>>> print(open('data00.cif').read())   # mmCIF, C-alpha atoms and all ligand atoms
data_data
#
loop_
_atom_site.group_PDB
_atom_site.id
_atom_site.type_symbol
_atom_site.label_atom_id
_atom_site.label_comp_id
_atom_site.auth_asym_id
_atom_site.auth_seq_id
_atom_site.Cartn_x
_atom_site.Cartn_y
_atom_site.Cartn_z
ATOM 1 C CA MET L 366 0.000 0.000 0.000
ATOM 2 C CA MET L 367 1.212 3.494 -0.934
ATOM 3 C CA THR L 368 2.033 6.100 1.714
ATOM 4 C CA PHE L 369 0.291 9.473 1.368
ATOM 5 C CA GLU L 370 3.623 11.022 0.344
ATOM 6 C CA GLU L 371 3.916 8.422 -2.441
ATOM 7 C CA GLN L 372 0.337 9.077 -3.505
ATOM 8 C CA TYR L 373 1.099 12.821 -3.586
ATOM 9 C CA ASN L 374 4.212 12.271 -5.743
ATOM 10 C CA LYS L 375 2.213 10.018 -8.045
ATOM 11 C CA TYR L 376 -0.388 12.752 -8.491
ATOM 12 C CA ILE L 377 2.324 15.325 -9.266
ATOM 13 C CA SER L 378 3.870 13.071 -11.975
ATOM 14 C CA LEU L 379 0.470 12.298 -13.465
ATOM 15 C CA ILE L 380 -0.463 15.991 -13.589
ATOM 16 C CA ASP L 381 2.914 17.034 -15.052
ATOM 17 C CA GLU L 382 2.800 14.326 -17.749
ATOM 18 C CA ASN L 383 -0.732 15.271 -18.718
ATOM 19 C CA LEU L 384 -0.024 19.005 -18.735
ATOM 20 C CA GLU L 385 2.822 18.264 -21.178
ATOM 21 C CA TYR L 386 0.384 16.269 -23.304
ATOM 22 C CA TYR L 387 -2.407 18.874 -23.244
ATOM 23 C CA PHE L 388 -0.126 21.888 -23.578
ATOM 24 C CA PRO L 389 2.753 20.797 -25.851
ATOM 25 C CA SER L 390 5.308 22.877 -27.741
ATOM 26 C CA VAL L 391 4.121 23.457 -31.284
ATOM 27 C CA PRO L 392 6.421 24.623 -34.121
ATOM 28 C CA ILE L 393 4.301 27.568 -35.262
ATOM 29 C CA ALA L 394 5.334 31.141 -36.040
ATOM 30 C CA GLN L 395 3.666 32.351 -32.859
ATOM 31 C CA ALA L 396 5.354 29.704 -30.661
ATOM 32 C CA ARG L 397 6.731 32.426 -28.341
ATOM 33 C CA VAL L 398 3.369 32.722 -26.630
ATOM 34 C CA ILE L 399 3.386 28.975 -25.972
ATOM 35 C CA ASP L 400 6.984 29.127 -24.699
ATOM 36 C CA ALA L 401 5.984 31.936 -22.331
ATOM 37 C CA ALA L 402 2.965 30.000 -21.031
ATOM 38 C CA GLN L 403 5.094 26.857 -20.583
ATOM 39 C CA TYR L 404 7.696 28.836 -18.619
ATOM 40 C CA SER L 405 5.078 29.394 -15.905
ATOM 41 C CA LEU L 406 3.080 26.185 -16.321
ATOM 42 C CA PHE L 407 6.198 24.067 -15.771
ATOM 43 C CA GLY L 408 7.845 26.394 -13.268
ATOM 44 C CA GLY L 409 7.497 24.393 -10.066
ATOM 45 C CA GLY L 410 3.846 24.814 -9.043
ATOM 46 C CA LYS L 411 2.614 22.661 -6.160
ATOM 47 C CA ARG L 412 -0.409 21.489 -8.194
ATOM 48 C CA VAL L 413 -2.739 21.931 -5.208
ATOM 49 C CA ARG L 414 -5.923 22.463 -7.245
ATOM 50 C CA PRO L 415 -5.536 19.520 -9.651
ATOM 51 C CA ILE L 416 -4.616 17.248 -6.746
ATOM 52 C CA LEU L 417 -7.832 18.213 -4.945
ATOM 53 C CA LEU L 418 -9.843 17.604 -8.100
ATOM 54 C CA LEU L 419 -8.354 14.147 -8.664
ATOM 55 C CA GLU L 420 -8.563 13.102 -5.020
ATOM 56 C CA PHE L 421 -12.211 14.131 -4.548
ATOM 57 C CA CYS L 422 -13.014 12.317 -7.783
ATOM 58 C CA ARG L 423 -11.239 9.172 -6.507
ATOM 59 C CA LEU L 424 -12.764 9.474 -3.013
ATOM 60 C CA PHE L 425 -16.324 9.444 -4.322
ATOM 61 C CA GLY L 426 -15.812 6.600 -6.755
ATOM 62 C CA GLY L 427 -14.828 8.378 -9.996
ATOM 63 C CA ASP L 428 -12.162 7.493 -12.552
ATOM 64 C CA ILE L 429 -9.180 9.835 -12.161
ATOM 65 C CA GLU L 430 -7.969 9.101 -15.711
ATOM 66 C CA LYS L 431 -11.163 10.695 -17.009
ATOM 67 C CA ALA L 432 -10.790 13.637 -14.634
ATOM 68 C CA LEU L 433 -7.293 14.524 -15.884
ATOM 69 C CA PRO L 434 -8.353 17.061 -18.578
ATOM 70 C CA PHE L 435 -10.273 18.970 -15.885
ATOM 71 C CA ALA L 436 -7.398 18.750 -13.392
ATOM 72 C CA CYS L 437 -4.988 20.109 -16.023
ATOM 73 C CA ALA L 438 -7.464 22.811 -17.046
ATOM 74 C CA ILE L 439 -7.745 24.152 -13.514
ATOM 75 C CA GLU L 440 -3.946 24.293 -13.211
ATOM 76 C CA MET L 441 -3.818 26.255 -16.497
ATOM 77 C CA ILE L 442 -6.336 28.760 -15.105
ATOM 78 C CA HIS L 443 -4.390 29.041 -11.850
ATOM 79 C CA THR L 444 -1.149 29.634 -13.802
ATOM 80 C CA TYR L 445 -2.781 32.347 -15.921
ATOM 81 C CA SER L 446 -3.932 34.093 -12.739
ATOM 82 C CA LEU L 447 -0.383 34.097 -11.329
ATOM 83 C CA ILE L 448 1.112 35.488 -14.564
ATOM 84 C CA HIS L 449 -1.454 38.296 -14.659
ATOM 85 C CA ASP L 450 -1.242 38.924 -10.907
ATOM 86 C CA ASP L 451 2.525 39.540 -11.216
ATOM 87 C CA LEU L 452 2.164 42.137 -14.014
ATOM 88 C CA PRO L 453 3.286 45.739 -13.405
ATOM 89 C CA SER L 454 -0.367 46.866 -13.583
ATOM 90 C CA MET L 455 -1.306 44.411 -10.802
ATOM 91 C CA ASP L 456 1.138 43.342 -8.060
ATOM 92 C CA ASP L 457 4.248 44.279 -10.051
ATOM 93 C CA ASP L 458 6.321 41.348 -8.819
ATOM 94 C CA ASP L 459 9.797 40.438 -10.048
ATOM 95 C CA LEU L 460 9.981 36.943 -8.599
ATOM 96 C CA ARG L 461 7.653 33.955 -8.468
ATOM 97 C CA ARG L 462 8.721 30.548 -7.111
ATOM 98 C CA GLY L 463 12.252 31.942 -6.846
ATOM 99 C CA ARG L 464 12.477 32.705 -10.584
ATOM 100 C CA PRO L 465 11.907 35.900 -12.583
ATOM 101 C CA THR L 466 8.208 36.488 -13.255
ATOM 102 C CA ASN L 467 6.834 35.845 -16.723
ATOM 103 C CA HIS L 468 6.871 39.478 -17.881
ATOM 104 C CA LYS L 469 10.475 39.907 -16.696
ATOM 105 C CA ILE L 470 11.530 37.182 -19.142
ATOM 106 C CA PHE L 471 9.094 37.605 -22.034
ATOM 107 C CA GLY L 472 7.935 41.227 -21.732
ATOM 108 C CA GLU L 473 4.610 42.561 -20.549
ATOM 109 C CA ALA L 474 2.577 42.138 -23.736
ATOM 110 C CA THR L 475 3.657 38.518 -24.169
ATOM 111 C CA ALA L 476 2.920 37.776 -20.506
ATOM 112 C CA VAL L 477 -0.634 39.087 -20.969
ATOM 113 C CA LEU L 478 -1.020 36.850 -24.017
ATOM 114 C CA ALA L 479 0.537 33.855 -22.224
ATOM 115 C CA GLY L 480 -2.138 34.222 -19.521
ATOM 116 C CA ASP L 481 -4.871 34.549 -22.149
ATOM 117 C CA THR L 482 -3.526 31.463 -23.928
ATOM 118 C CA LEU L 483 -3.626 29.392 -20.748
ATOM 119 C CA LEU L 484 -7.140 30.526 -19.842
ATOM 120 C CA THR L 485 -8.379 29.621 -23.309
ATOM 121 C CA ALA L 486 -6.452 26.349 -23.413
ATOM 122 C CA ALA L 487 -8.198 25.306 -20.199
ATOM 123 C CA PHE L 488 -11.582 25.367 -21.941
ATOM 124 C CA GLU L 489 -10.160 23.765 -25.055
ATOM 125 C CA THR L 490 -8.793 20.935 -22.886
ATOM 126 C CA MET L 491 -12.016 20.349 -20.903
ATOM 127 C CA LEU L 492 -14.213 20.470 -23.998
ATOM 128 C CA ASP L 493 -12.122 18.639 -26.610
ATOM 129 C CA PRO L 494 -14.304 15.678 -27.666
ATOM 130 C CA ASP L 495 -11.193 13.455 -27.815
ATOM 131 C CA ASN L 496 -10.355 14.240 -24.179
ATOM 132 C CA ILE L 497 -13.819 13.617 -22.739
ATOM 133 C CA GLU L 498 -14.827 10.508 -24.618
ATOM 134 C CA GLY L 499 -16.899 8.188 -22.439
ATOM 135 C CA ILE L 500 -17.859 10.789 -19.817
ATOM 136 C CA ASP L 501 -21.543 11.599 -19.318
ATOM 137 C CA PRO L 502 -21.893 14.940 -21.228
ATOM 138 C CA MET L 503 -23.911 16.453 -18.371
ATOM 139 C CA LYS L 504 -21.004 15.827 -15.982
ATOM 140 C CA VAL L 505 -18.651 17.538 -18.443
ATOM 141 C CA ILE L 506 -20.925 20.565 -18.713
ATOM 142 C CA LYS L 507 -21.436 20.833 -14.953
ATOM 143 C CA ALA L 508 -17.726 20.434 -14.130
ATOM 144 C CA ALA L 509 -16.605 22.943 -16.803
ATOM 145 C CA HIS L 510 -19.315 25.390 -15.731
ATOM 146 C CA CYS L 511 -18.339 25.091 -12.067
ATOM 147 C CA ILE L 512 -14.695 25.872 -12.939
ATOM 148 C CA ALA L 513 -15.642 28.754 -15.279
ATOM 149 C CA TRP L 514 -17.924 30.342 -12.693
ATOM 150 C CA ALA L 515 -15.254 30.162 -9.982
ATOM 151 C CA ALA L 516 -12.620 31.724 -12.250
ATOM 152 C CA GLY L 517 -14.751 34.722 -13.239
ATOM 153 C CA ALA L 518 -16.352 37.835 -11.789
ATOM 154 C CA PHE L 519 -18.223 35.874 -9.094
ATOM 155 C CA GLY L 520 -15.019 34.145 -7.999
ATOM 156 C CA MET L 521 -11.300 34.691 -8.580
ATOM 157 C CA VAL L 522 -11.470 37.707 -10.914
ATOM 158 C CA GLY L 523 -14.095 39.279 -8.635
ATOM 159 C CA GLY L 524 -11.820 38.798 -5.622
ATOM 160 C CA GLN L 525 -8.922 40.365 -7.502
ATOM 161 C CA MET L 526 -11.150 43.339 -8.380
ATOM 162 C CA LEU L 527 -12.145 43.838 -4.738
ATOM 163 C CA ASP L 528 -8.507 43.509 -3.712
ATOM 164 C CA ILE L 529 -7.423 46.192 -6.195
ATOM 165 C CA ASP L 530 -10.282 48.508 -5.215
ATOM 166 C CA SER L 531 -9.604 48.183 -1.499
ATOM 167 C CA GLU L 532 -5.830 48.391 -1.414
ATOM 168 C CA CYS L 533 -5.711 51.645 0.537
ATOM 169 C CA ASP L 534 -8.641 50.948 2.867
ATOM 170 C CA ALA L 535 -8.325 49.701 6.439
ATOM 171 C CA LEU L 536 -10.773 46.827 6.058
ATOM 172 C CA PRO L 537 -12.121 44.704 8.913
ATOM 173 C CA LEU L 538 -11.170 41.037 9.126
ATOM 174 C CA ASP L 539 -14.424 39.749 7.620
ATOM 175 C CA ALA L 540 -14.053 41.957 4.537
ATOM 176 C CA VAL L 541 -10.476 40.771 3.990
ATOM 177 C CA THR L 542 -11.662 37.186 4.489
ATOM 178 C CA GLU L 543 -14.370 37.680 1.870
ATOM 179 C CA ILE L 544 -11.838 39.039 -0.664
ATOM 180 C CA HIS L 545 -9.555 36.071 -0.150
ATOM 181 C CA ASN L 546 -12.400 33.560 -0.191
ATOM 182 C CA LEU L 547 -13.166 34.843 -3.679
ATOM 183 C CA LYS L 548 -9.624 35.395 -4.890
ATOM 184 C CA THR L 549 -8.004 32.192 -3.642
ATOM 185 C CA GLY L 550 -10.826 30.086 -2.187
ATOM 186 C CA SER L 551 -13.107 29.996 -5.231
ATOM 187 C CA LEU L 552 -10.762 28.027 -7.461
ATOM 188 C CA ILE L 553 -9.772 25.684 -4.617
ATOM 189 C CA CYS L 554 -13.472 24.986 -3.919
ATOM 190 C CA ALA L 555 -14.225 24.565 -7.626
ATOM 191 C CA ALA L 556 -11.416 22.016 -7.951
ATOM 192 C CA SER L 557 -12.951 19.884 -5.202
ATOM 193 C CA GLN L 558 -16.494 20.332 -6.520
ATOM 194 C CA ALA L 559 -15.525 19.484 -10.108
ATOM 195 C CA GLY L 560 -13.867 16.279 -8.866
ATOM 196 C CA CYS L 561 -17.109 15.403 -7.058
ATOM 197 C CA ILE L 562 -19.253 16.208 -10.107
ATOM 198 C CA LEU L 563 -17.139 13.962 -12.354
ATOM 199 C CA ALA L 564 -17.462 11.153 -9.802
ATOM 200 C CA GLY L 565 -21.251 11.566 -9.717
ATOM 201 C CA ALA L 566 -21.186 12.549 -6.034
ATOM 202 C CA ASP L 567 -24.452 13.291 -4.212
ATOM 203 C CA VAL L 568 -25.466 16.544 -2.491
ATOM 204 C CA ASP L 569 -24.065 15.480 0.895
ATOM 205 C CA GLN L 570 -20.717 14.571 -0.651
ATOM 206 C CA LEU L 571 -20.612 17.916 -2.493
ATOM 207 C CA SER L 572 -21.278 19.661 0.769
ATOM 208 C CA VAL L 573 -18.412 17.801 2.495
ATOM 209 C CA ALA L 574 -16.064 18.854 -0.337
ATOM 210 C CA HIS L 575 -17.261 22.447 -0.087
ATOM 211 C CA SER L 576 -16.786 22.648 3.643
ATOM 212 C CA TYR L 577 -13.317 21.003 3.544
ATOM 213 C CA SER L 578 -11.997 23.154 0.713
ATOM 214 C CA GLN L 579 -13.357 26.426 2.058
ATOM 215 C CA LYS L 580 -11.479 25.946 5.328
ATOM 216 C CA LEU L 581 -8.409 24.636 3.525
ATOM 217 C CA GLY L 582 -8.454 27.583 1.081
ATOM 218 C CA LEU L 583 -8.542 30.167 3.846
ATOM 219 C CA ALA L 584 -5.797 28.425 5.826
ATOM 220 C CA PHE L 585 -3.771 28.233 2.604
ATOM 221 C CA GLN L 586 -4.070 31.985 2.009
ATOM 222 C CA ILE L 587 -3.130 32.852 5.599
ATOM 223 C CA ARG L 588 -0.095 30.563 5.382
ATOM 224 C CA ASP L 589 0.810 32.427 2.162
ATOM 225 C CA ASP L 590 0.625 35.748 4.020
ATOM 226 C CA ILE L 591 2.891 34.420 6.783
ATOM 227 C CA MET L 592 5.455 33.229 4.228
ATOM 228 C CA ASP L 593 5.199 36.563 2.414
ATOM 229 C CA ALA L 594 5.892 38.446 5.631
ATOM 230 C CA ASP L 595 9.089 36.440 6.075
ATOM 231 C CA SER L 596 11.905 38.559 4.663
ATOM 232 C CA ASP L 597 14.014 35.405 4.113
ATOM 233 C CA ASN L 598 11.485 34.213 1.559
ATOM 234 C CA PRO L 599 13.076 34.855 -1.868
ATOM 235 C CA ASP L 600 9.673 35.805 -3.357
ATOM 236 C CA SER L 601 8.856 38.416 -0.682
ATOM 237 C CA ALA L 602 8.628 41.945 -2.013
ATOM 238 C CA ASP L 603 11.344 44.336 -0.942
ATOM 239 C CA PRO L 604 9.659 46.684 1.592
ATOM 240 C CA ALA L 605 11.408 49.618 -0.169
ATOM 241 C CA ASP L 606 9.383 48.754 -3.315
ATOM 242 C CA ASP L 607 6.191 49.368 -1.379
ATOM 243 C CA ALA L 608 7.253 52.681 0.121
ATOM 244 C CA GLU L 609 5.283 54.844 -2.270
ATOM 245 C CA VAL L 610 2.160 52.736 -2.560
ATOM 246 C CA CYS L 611 -0.284 52.216 0.264
ATOM 247 C CA ASP L 612 0.020 49.222 2.530
ATOM 248 C CA LYS L 613 -1.716 46.112 1.278
ATOM 249 C CA LEU L 614 -3.891 44.512 3.948
ATOM 250 C CA THR L 615 -2.942 40.957 4.824
ATOM 251 C CA PHE L 616 -4.023 38.612 7.599
ATOM 252 C CA VAL L 617 -0.605 39.060 9.192
ATOM 253 C CA LYS L 618 -1.033 42.845 9.315
ATOM 254 C CA ILE L 619 -4.497 42.525 10.872
ATOM 255 C CA MET L 620 -3.906 39.685 13.319
ATOM 256 C CA GLY L 621 -0.137 39.305 13.777
ATOM 257 C CA ILE L 622 1.849 36.125 13.093
ATOM 258 C CA GLU L 623 0.941 34.267 16.284
ATOM 259 C CA LYS L 624 -2.823 34.629 15.896
ATOM 260 C CA CYS L 625 -2.491 33.749 12.217
ATOM 261 C CA SER L 626 -0.702 30.520 13.140
ATOM 262 C CA SER L 627 -3.401 29.471 15.591
ATOM 263 C CA TYR L 628 -6.111 30.447 13.093
ATOM 264 C CA ILE L 629 -4.460 28.190 10.476
ATOM 265 C CA ALA L 630 -4.377 25.348 13.021
ATOM 266 C CA SER L 631 -8.082 25.716 13.848
ATOM 267 C CA LEU L 632 -9.140 26.049 10.177
ATOM 268 C CA THR L 633 -7.102 22.938 9.374
ATOM 269 C CA GLU L 634 -8.797 21.019 12.196
ATOM 270 C CA ASP L 635 -12.202 22.180 10.878
ATOM 271 C CA ALA L 636 -11.257 21.102 7.340
ATOM 272 C CA LYS L 637 -10.247 17.654 8.606
ATOM 273 C CA ASN L 638 -13.410 17.383 10.744
ATOM 274 C CA SER L 639 -15.529 18.007 7.639
ATOM 275 C CA LEU L 640 -14.295 14.617 6.440
ATOM 276 C CA SER L 641 -15.239 12.695 9.562
ATOM 277 C CA GLY L 642 -16.975 9.444 8.777
ATOM 278 C CA ILE L 643 -15.853 9.506 5.119
ATOM 279 C CA GLU L 644 -14.066 6.268 4.429
ATOM 280 C CA GLY L 645 -10.796 6.629 2.491
ATOM 281 C CA SER L 646 -10.353 10.338 3.261
ATOM 282 C CA GLY L 647 -6.913 9.882 4.882
ATOM 283 C CA PHE L 648 -5.045 11.503 2.012
ATOM 284 C CA LEU L 649 -7.115 14.689 2.296
ATOM 285 C CA THR L 650 -6.485 14.805 6.056
ATOM 286 C CA TRP L 651 -2.750 14.423 5.430
ATOM 287 C CA PHE L 652 -2.886 17.021 2.634
ATOM 288 C CA ALA L 653 -4.571 19.613 4.886
ATOM 289 C CA ASP L 654 -1.745 19.197 7.432
ATOM 290 C CA LYS L 655 0.888 19.320 4.704
ATOM 291 C CA LEU L 656 -0.454 22.619 3.349
ATOM 292 C CA ALA L 657 -0.807 24.118 6.832
ATOM 293 C CA HIS L 658 2.907 23.549 7.445
ATOM 294 C CA ARG L 659 4.204 24.276 3.957
ATOM 295 C CA GLU L 660 7.325 26.362 3.482
ATOM 296 C CA ARG L 661 6.668 27.283 -0.180
HETATM 297 C C1 LIG L 701 -5.071 38.261 -12.065
HETATM 298 C C2 LIG L 701 -7.342 37.318 -12.646
HETATM 299 C C3 LIG L 701 -6.258 37.452 -11.705
HETATM 300 C C4 LIG L 701 -6.366 36.824 -10.540
HETATM 301 C C5 LIG L 701 -5.303 36.749 -9.572
HETATM 302 C C6 LIG L 701 -5.218 33.992 -7.311
HETATM 303 C C7 LIG L 701 -4.842 35.360 -7.663
HETATM 304 C C8 LIG L 701 -5.843 36.183 -8.317
HETATM 305 C C9 LIG L 701 -3.628 35.848 -7.464
HETATM 306 C C10 LIG L 701 -2.568 35.107 -6.819
HETATM 307 C C11 LIG L 701 -1.902 36.000 -5.857
HETATM 308 C C12 LIG L 701 -1.471 35.249 -4.690
HETATM 309 C C13 LIG L 701 -0.006 35.015 -4.586
HETATM 310 C C14 LIG L 701 -2.358 34.829 -3.788
HETATM 311 C C15 LIG L 701 -1.981 34.089 -2.603
HETATM 312 C C16 LIG L 701 -2.483 32.680 -2.569
HETATM 313 C C17 LIG L 701 -2.117 31.996 -3.772
HETATM 314 C C18 LIG L 701 -3.172 31.805 -4.750
HETATM 315 C C19 LIG L 701 -0.858 31.610 -3.925
HETATM 316 C C20 LIG L 701 -0.355 30.937 -5.108
HETATM 317 O O1 LIG L 701 -0.893 29.661 -5.207
HETATM 318 P P1 LIG L 701 -0.014 28.375 -5.025
HETATM 319 O O2 LIG L 701 0.788 28.470 -3.776
HETATM 320 O O3 LIG L 701 0.954 28.525 -6.269
HETATM 321 O O4 LIG L 701 -0.883 27.177 -5.196
HETATM 322 P P2 LIG L 701 1.970 27.483 -6.918
HETATM 323 O O5 LIG L 701 3.247 28.254 -7.054
HETATM 324 O O6 LIG L 701 2.126 26.278 -6.053
HETATM 325 O O7 LIG L 701 1.357 27.153 -8.222
#
>>> encode(input="data00.cif", output="structure tokens")
Amino acid sequence: MMTFEEQYNKYISLIDENLEYYFPSVPIAQARVIDAAQYSLFGGGKRVRPILLLEFCRLFGGDIEKALPFACAIEMIHTYSLIHDDLPSMDDDDLRRGRPTNHKIFGEATAVLAGDTLLTAAFETMLDPDNIEGIDPMKVIKAAHCIAWAAGAFGMVGGQMLDIDSECDALPLDAVTEIHNLKTGSLICAASQAGCILAGADVDQLSVAHSYSQKLGLAFQIRDDIMDADSDNPDSADPADDAEVCDKLTFVKIMGIEKCSSYIASLTEDAKNSLSGIEGSGFLTWFADKLAHRER
């Protein structure tokens, strides 16, 4: 029997192999946009969202091979969001995962197009008849719709909009939580829900996945803020860069590191408790702990 670490590594290899298959290099005149997208797609992401999609699909009796186009699609959407988030007109970041950001290597216009290419390729991948052969068409429609909705104005893009609009405001904790639930939580929840939909999960199972991933998503974001506040983190912005812009509100700024750490611990416990009584949910319990203690 595989350990959870082995299962995790197996998921990573499966996702990487399939991303290479669904998003290959193509010798066309405009290949630079593909090269730029691949630079970020294969740049060391943790693959959190596709792993959740595959594991919820497996947990509720689905076939993970059939879920792979959806898992890869959600990683493409996530990668597009990071490329665009790093742009000078957004967060203006120079480093991501310890490497220069996409626009630093390829230029701003190409980075915008690389993000657009990945967003579009996600839908191409989920809706290519060759990739979804043998899946109930209604499951395909529901899973793709769930992912699309979470990526748009009612989810991730909406959260980014609120974040941009509120950058100079001293918001209360619940408003900051709401922004991050949309910005980061939506796609994490959609990954879990899409996995459930493809498995044919029932309403109770969908609700378990929703509850688990909402708690996990918030804990994940707070952990990100803690790592960002750590000046030893190579991706942390130089405080001098921020001197002329107003202070961005983070959980660390509102609550301090210690309270953030205990909040992560209690959210992680809640996430794990959402799974109580679900047979075979050990990997998700392990994964919640792994993410709560992550260093990258
Ligand atoms: C630009 C449309 C648009 C949206 C951007 C999600 C998002 C909205 C921006 C990301 C900014 C950010 C760093 C948020 C913190 C939490 C988060 C999503 C971190 C990055 O996700 P990981 O850790 O990334 O899963 P890896 O590197 O593992 O792929």
>>> residues_around(input="data00.cif", residues="stretch 474-476 of chain L", least_positions_apart="5", cutoff="10 Å", atoms="only C-alpha atoms", output="PyMOL selection string")
chain L and resi 397-402+405+445+448-449+451-452+466-469+481-482
>>> write_last_selection(input="data00.cif", atoms="C-alpha atoms", output="mmCIF file, in the coordinates of the input")
data_model
loop_
_atom_site.group_PDB
_atom_site.id
_atom_site.type_symbol
_atom_site.label_atom_id
_atom_site.label_comp_id
_atom_site.auth_asym_id
_atom_site.auth_seq_id
_atom_site.Cartn_x
_atom_site.Cartn_y
_atom_site.Cartn_z
ATOM 1 C CA ARG L 397 6.731 32.426 -28.341
ATOM 2 C CA VAL L 398 3.369 32.722 -26.630
ATOM 3 C CA ILE L 399 3.386 28.975 -25.972
ATOM 4 C CA ASP L 400 6.984 29.127 -24.699
ATOM 5 C CA ALA L 401 5.984 31.936 -22.331
ATOM 6 C CA ALA L 402 2.965 30.000 -21.031
ATOM 7 C CA SER L 405 5.078 29.394 -15.905
ATOM 8 C CA TYR L 445 -2.781 32.347 -15.921
ATOM 9 C CA ILE L 448 1.112 35.488 -14.564
ATOM 10 C CA HIS L 449 -1.454 38.296 -14.659
ATOM 11 C CA ASP L 451 2.525 39.540 -11.216
ATOM 12 C CA LEU L 452 2.164 42.137 -14.014
ATOM 13 C CA THR L 466 8.208 36.488 -13.255
ATOM 14 C CA ASN L 467 6.834 35.845 -16.723
ATOM 15 C CA HIS L 468 6.871 39.478 -17.881
ATOM 16 C CA LYS L 469 10.475 39.907 -16.696
ATOM 17 C CA ASP L 481 -4.871 34.549 -22.149
ATOM 18 C CA THR L 482 -3.526 31.463 -23.928
#
>>> closest_residue(input="data00.cif", among="L:Gly565, L:Pro389, L:Gly550, L:Gly645", to="L:Phe519", atoms="all atoms listed in the file")
L:Gly550
>>> closest_residue(input="data00.cif", among="L:Val541, L:Ile393, L:Leu656, L:Ala509", to="ligand LIG 701 (chain L)", atoms="only C-alpha atoms and all ligand atoms")
L:Leu656
>>> resolve_selection(input="data00.cif", expression="the PyMOL selection byres (((chain L and resi 377) around 10) and not hetatm)", output="short mmCIF file (atom, residue, chain, number, x, y, z; two decimals) with C-alpha atoms, in the coordinates of the input")
data_model
loop_
_atom_site.label_atom_id
_atom_site.label_comp_id
_atom_site.auth_asym_id
_atom_site.auth_seq_id
_atom_site.Cartn_x
_atom_site.Cartn_y
_atom_site.Cartn_z
CA GLU L 371 3.92 8.42 -2.44
CA GLN L 372 0.34 9.08 -3.50
CA TYR L 373 1.10 12.82 -3.59
CA ASN L 374 4.21 12.27 -5.74
CA LYS L 375 2.21 10.02 -8.04
CA TYR L 376 -0.39 12.75 -8.49
CA SER L 378 3.87 13.07 -11.98
CA LEU L 379 0.47 12.30 -13.46
CA ILE L 380 -0.46 15.99 -13.59
CA ASP L 381 2.91 17.03 -15.05
CA GLU L 382 2.80 14.33 -17.75
CA ASN L 383 -0.73 15.27 -18.72
CA GLY L 410 3.85 24.81 -9.04
CA LYS L 411 2.61 22.66 -6.16
CA ARG L 412 -0.41 21.49 -8.19
CA VAL L 413 -2.74 21.93 -5.21
CA PRO L 415 -5.54 19.52 -9.65
CA ILE L 416 -4.62 17.25 -6.75
#
>>> residues_around(input="data00.cif", residues="L:Thr615", least_positions_apart="6", cutoff="9 Å", atoms="all atoms listed in the file", output="ChimeraX atom specification")
/L:541,587,590-591
